[in-house]
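*Asks:* I'd like to ask some things about the structure below.
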Amino acid sequence: MDKLKKVLSGQDGNDDLNVLQAAGEATTLGWGTRVKAFIACFAVGVLCSVLGTCLLWVPRSGLILFAVFYTLGNIASLLSTVFLMGPLKQVKRMCDKTRALATAIMITCLVLTLCAAFWWKNKGLALLFCILQFLAFTWYGLSYIPFARDAVIKVFSVCLK
């Protein structure tokens with residue numbers, strides 16, 4: 001807090017910490033708080049996804065509601081991990097060469113799902129993007145488990161022979 005006061009008052013303008021590190025120091029949470037926030041955010045994500053699945057059967061607007069709630073659930077689940085490792089480390093891990101393609105496809109599908117639901121009002125595209133979103137999110141999640149992607153590729157290659 002003292003460093004923040006010095007910087008804001010203009011006394012210490014030439015510090016070796018960059019802005020992200022200073023923000024990280026100012027917003028540190030205890031481990032217990034991080035775990036509680038992770039659980040709460042992840043639970044909200046799962047709840048939104050389940051609610052979206054239940055709303056799929058609503059006449060007329062069910063598919064749109066499903067797409068929106070399912071997407072919001074995935075976003076909340078993805079953001080929940082920020083509490084465990086911090087935003088900067090999360091972004092770095094998402095952009096690793098092993099996860100970059102899955103991350104790009106996942107984020108693109110999240111955005112396209114919402115575009116199909118709100119702007120294009122195309123239920124078929126919304127459903128397609130939800131399916132692609134699920135597959136990309138699964139592939140992204142498997143990247144955190146050692147050799148899981150290789151195992152999935154081997155299973156599919158055996159099944160397709």
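Chain lettering (A, B, ...) mirrors the order of the structure tokens, residue numbering begins at 1 for each chain separately, and ligand numbering begins at 1 in order of display.
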Can I get the residues of range 16-98 of chain A within 8 Å of range 119-137 of chain A, each with the closest pair of atoms and their distance in Å to one decimal, using only C-alpha atoms, sorted chain first then ascending number, as a tab-separated table?
*Replies:*
```
residue	atom	partner	partner_atom	distance
A:Leu63	CA	A:Lys123	CA	6.2
A:Ile64	CA	A:Lys123	CA	6.4
A:Ala67	CA	A:Ala126	CA	6.1
A:Tyr70	CA	A:Cys130	CA	7.6
A:Thr71	CA	A:Cys130	CA	7.4
```
*Asks:* Using Å and a single decimal, report how far CA of Thr98 in chain A sits from CA of Gly45 in chain A.
*Replies:*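 Answer for the CA of Gly45 in chain A to CA of Thr98 in chain A separation: 24.7 Å.
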*Asks:* Which is closer to Ser80 in chain A than all the others in A:Leu101, A:Val158, A:Ala43, A:Ala117, using only C-alpha atoms?
*Replies:* A:Ala43
*Asks:* Report the residues of chain A whose backbone DSSP state falls under helix (DSSP H, G or I), written as a VMD selection string.
*Replies:* chain A and resid 2 to 9 19 to 26 31 to 55 62 to 85 87 to 94 100 to 118 123 to 142 148 to 160
